[in-house]
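Student: Just so it is clear, I am handing over run.cif, which has mmCIF, N, CA and C atoms.
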```cif
data_start
#
loop_
_atom_site.label_atom_id
_atom_site.label_comp_id
_atom_site.auth_asym_id
_atom_site.auth_seq_id
_atom_site.Cartn_x
_atom_site.Cartn_y
_atom_site.Cartn_z
N MET A 1 124.36 51.41 123.40
CA MET A 1 125.02 50.46 124.29
C MET A 1 125.83 51.24 125.33
N PRO A 2 125.59 50.95 126.61
CA PRO A 2 126.32 51.68 127.65
C PRO A 2 127.80 51.30 127.68
N ASN A 3 128.61 52.27 128.13
CA ASN A 3 130.03 51.95 128.21
C ASN A 3 130.32 51.08 129.43
N LYS A 4 131.51 50.57 129.51
CA LYS A 4 131.89 49.64 130.58
C LYS A 4 131.79 50.29 131.96
N ASN A 5 132.14 51.58 132.06
CA ASN A 5 132.04 52.26 133.35
C ASN A 5 130.61 52.28 133.84
N ILE A 6 129.69 52.64 132.97
CA ILE A 6 128.28 52.72 133.37
C ILE A 6 127.77 51.35 133.79
N GLU A 7 128.12 50.32 133.05
CA GLU A 7 127.71 48.96 133.42
C GLU A 7 128.28 48.57 134.78
N SER A 8 129.54 48.90 135.02
CA SER A 8 130.19 48.59 136.29
C SER A 8 129.54 49.36 137.43
N TYR A 9 129.28 50.65 137.21
CA TYR A 9 128.66 51.47 138.26
C TYR A 9 127.27 50.95 138.59
N ALA A 10 126.52 50.52 137.60
CA ALA A 10 125.18 49.99 137.82
C ALA A 10 125.25 48.72 138.68
N GLU A 11 126.15 47.85 138.31
CA GLU A 11 126.30 46.59 139.04
C GLU A 11 126.72 46.85 140.49
N ARG A 12 127.69 47.73 140.68
CA ARG A 12 128.22 48.00 142.02
C ARG A 12 127.26 48.80 142.90
N SER A 13 126.43 49.64 142.28
CA SER A 13 125.53 50.50 143.06
C SER A 13 124.15 49.88 143.29
N GLY A 14 123.84 48.84 142.51
CA GLY A 14 122.52 48.23 142.62
C GLY A 14 121.45 48.98 141.85
N LYS A 15 121.86 49.97 141.06
CA LYS A 15 120.93 50.73 140.23
C LYS A 15 120.90 50.12 138.83
N THR A 16 119.87 50.48 138.07
CA THR A 16 119.79 49.99 136.70
C THR A 16 120.76 50.78 135.82
N VAL A 17 121.09 50.21 134.68
CA VAL A 17 121.94 50.91 133.71
C VAL A 17 121.27 52.22 133.30
N LYS A 18 119.96 52.20 133.13
CA LYS A 18 119.23 53.40 132.72
C LYS A 18 119.35 54.50 133.78
N GLU A 19 119.26 54.13 135.07
CA GLU A 19 119.40 55.11 136.15
C GLU A 19 120.81 55.72 136.14
N VAL A 20 121.80 54.86 135.97
CA VAL A 20 123.19 55.34 135.96
C VAL A 20 123.43 56.21 134.73
N GLU A 21 122.87 55.85 133.59
CA GLU A 21 123.02 56.68 132.39
C GLU A 21 122.42 58.07 132.61
N ARG A 22 121.28 58.14 133.30
CA ARG A 22 120.65 59.43 133.60
C ARG A 22 121.56 60.28 134.49
N ILE A 23 122.12 59.67 135.51
CA ILE A 23 123.04 60.38 136.41
C ILE A 23 124.29 60.82 135.64
N TRP A 24 124.81 59.94 134.81
CA TRP A 24 125.98 60.27 133.97
C TRP A 24 125.68 61.47 133.08
N ASP A 25 124.52 61.44 132.41
CA ASP A 25 124.16 62.53 131.51
C ASP A 25 124.00 63.86 132.26
N GLU A 26 123.42 63.81 133.45
CA GLU A 26 123.30 65.02 134.28
C GLU A 26 124.68 65.56 134.63
N THR A 27 125.58 64.65 134.96
CA THR A 27 126.94 65.05 135.34
C THR A 27 127.69 65.64 134.15
N VAL A 28 127.48 65.10 132.97
CA VAL A 28 128.10 65.66 131.76
C VAL A 28 127.63 67.10 131.56
N GLN A 29 126.34 67.35 131.78
CA GLN A 29 125.83 68.72 131.64
C GLN A 29 126.47 69.66 132.66
N GLU A 30 126.67 69.17 133.89
CA GLU A 30 127.36 69.97 134.91
C GLU A 30 128.80 70.25 134.48
N ALA A 31 129.46 69.24 133.92
CA ALA A 31 130.85 69.39 133.48
C ALA A 31 130.97 70.41 132.37
N LYS A 32 129.99 70.44 131.48
CA LYS A 32 130.03 71.40 130.38
C LYS A 32 129.93 72.84 130.88
N LYS A 33 129.31 73.03 132.03
CA LYS A 33 129.24 74.36 132.63
C LYS A 33 130.54 74.69 133.37
N LYS A 34 131.19 73.66 133.90
CA LYS A 34 132.39 73.85 134.70
C LYS A 34 133.66 74.00 133.86
N PHE A 35 133.75 73.25 132.77
CA PHE A 35 134.95 73.22 131.94
C PHE A 35 134.74 74.04 130.66
N PRO A 36 135.76 74.76 130.21
CA PRO A 36 135.65 75.44 128.92
C PRO A 36 135.57 74.40 127.79
N GLU A 37 134.93 74.79 126.71
CA GLU A 37 134.68 73.85 125.61
C GLU A 37 135.95 73.21 125.06
N ASP A 38 137.06 73.94 125.06
CA ASP A 38 138.29 73.37 124.52
C ASP A 38 138.88 72.26 125.41
N GLU A 39 138.31 72.04 126.59
CA GLU A 39 138.76 70.97 127.48
C GLU A 39 137.81 69.78 127.51
N TRP A 40 136.73 69.82 126.70
CA TRP A 40 135.73 68.77 126.74
C TRP A 40 136.24 67.41 126.30
N GLU A 41 137.38 67.34 125.68
CA GLU A 41 137.95 66.05 125.28
C GLU A 41 139.17 65.69 126.14
N SER A 42 139.40 66.46 127.19
CA SER A 42 140.60 66.24 128.01
C SER A 42 140.40 65.11 129.02
N ASP A 43 141.52 64.58 129.49
CA ASP A 43 141.48 63.53 130.52
C ASP A 43 140.85 64.06 131.81
N GLY A 44 141.15 65.31 132.15
CA GLY A 44 140.61 65.90 133.37
C GLY A 44 139.09 66.02 133.34
N TYR A 45 138.56 66.32 132.18
CA TYR A 45 137.10 66.43 132.00
C TYR A 45 136.44 65.09 132.29
N TYR A 46 136.95 64.04 131.67
CA TYR A 46 136.36 62.71 131.88
C TYR A 46 136.63 62.18 133.28
N ALA A 47 137.77 62.50 133.85
CA ALA A 47 138.05 62.09 135.23
C ALA A 47 137.06 62.74 136.18
N TRP A 48 136.76 64.02 135.95
CA TRP A 48 135.81 64.74 136.80
C TRP A 48 134.42 64.11 136.69
N ILE A 49 134.00 63.80 135.46
CA ILE A 49 132.68 63.18 135.26
C ILE A 49 132.61 61.84 135.98
N ASN A 50 133.65 61.02 135.84
CA ASN A 50 133.67 59.72 136.51
C ASN A 50 133.64 59.88 138.02
N ALA A 51 134.45 60.77 138.56
CA ALA A 51 134.52 60.96 140.01
C ALA A 51 133.18 61.44 140.57
N VAL A 52 132.58 62.42 139.91
CA VAL A 52 131.31 62.97 140.40
C VAL A 52 130.19 61.93 140.27
N THR A 53 130.17 61.20 139.18
CA THR A 53 129.17 60.14 139.01
C THR A 53 129.31 59.11 140.11
N MET A 54 130.53 58.71 140.41
CA MET A 54 130.75 57.73 141.47
C MET A 54 130.29 58.27 142.83
N MET A 55 130.54 59.54 143.10
CA MET A 55 130.09 60.13 144.36
C MET A 55 128.56 60.15 144.43
N LYS A 56 127.91 60.49 143.33
CA LYS A 56 126.45 60.51 143.31
C LYS A 56 125.86 59.13 143.55
N LEU A 57 126.58 58.11 143.11
CA LEU A 57 126.13 56.73 143.30
C LEU A 57 126.62 56.15 144.62
N GLN A 58 127.30 56.96 145.40
CA GLN A 58 127.86 56.57 146.69
C GLN A 58 128.85 55.41 146.56
N LEU A 59 129.60 55.42 145.47
CA LEU A 59 130.65 54.44 145.25
C LEU A 59 132.01 55.00 145.65
N LYS A 60 132.05 56.30 145.90
CA LYS A 60 133.30 56.96 146.25
C LYS A 60 132.95 58.14 147.13
N THR A 61 133.73 58.34 148.17
CA THR A 61 133.49 59.50 149.02
C THR A 61 134.40 60.63 148.58
N PRO A 62 133.93 61.85 148.67
CA PRO A 62 134.78 62.97 148.25
C PRO A 62 135.98 63.13 149.18
N LYS A 63 137.08 63.57 148.60
CA LYS A 63 138.27 63.82 149.40
C LYS A 63 138.03 65.07 150.23
N LYS A 64 138.43 65.00 151.48
CA LYS A 64 138.29 66.16 152.35
C LYS A 64 139.50 67.05 152.20
N LYS A 65 139.24 68.33 152.11
CA LYS A 65 140.33 69.28 152.02
C LYS A 65 140.93 69.45 153.40
N LYS A 66 142.25 69.44 153.44
CA LYS A 66 142.93 69.63 154.71
C LYS A 66 142.83 71.09 155.11
N GLY A 67 142.38 71.31 156.32
CA GLY A 67 142.26 72.68 156.82
C GLY A 67 143.59 73.20 157.30
N LYS A 68 143.71 74.51 157.28
CA LYS A 68 144.92 75.14 157.79
C LYS A 68 144.85 75.20 159.29
N LYS A 69 145.98 74.97 159.92
CA LYS A 69 146.01 75.00 161.39
C LYS A 69 146.59 76.29 161.87
#
```
What is this file in structure tokens?
Tutor:
Amino acid sequence: MPNKNIESYAERSGKTVKEVERIWDETVQEAKKKFPEDEWESDGYYAWINAVTMMKLQLKTPKKKKGKK
């Protein structure tokens, strides 16, 4: 059973739950490469997965880094 976030992302993006689950799973694999294993249960880990999944689904635009003047 998909979690509420995946169901919401599917509804908002117009994609199927299965498509969103695939994107979510790919993002989890990316996160496992980015974060050390001892952080896999942290809030930051899950926040990163949610943010990247939303960007991939075009539900959120990435924040632009302010350039130095």
Student: Work out how far apart CA of Asn5 (chain A) and CA of Val17 (chain A) are and give it in Å to one decimal.
Tutor: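 Straight-line distance from CA of Asn5 (chain A) to CA of Val17 (chain A) works out to 10.2 Å.
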Student: May I ask for the distance between CA of Lys33 (chain A) and CA of Tyr46 (chain A), given in Å to one decimal place?
Tutor: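 We find that CA of Lys33 (chain A) and CA of Tyr46 (chain A) lie 13.7 Å from each other.
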Student: To one decimal place in Å, what is the distance between atom C of Glu11 (chain A) and atom N of Asp43 (chain A)?
Tutor: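 Spanning atom C of Glu11 (chain A) to atom N of Asp43 (chain A) is a straight-line distance of 25.6 Å.
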Student: May I have the residues at most 7 Å from (133.2, 64.0, 135.4) in the file's coordinates, counting all atoms listed in the file, as a VMD selection string?
Tutor: chain A and resid 27 to 28 31 44 to 53
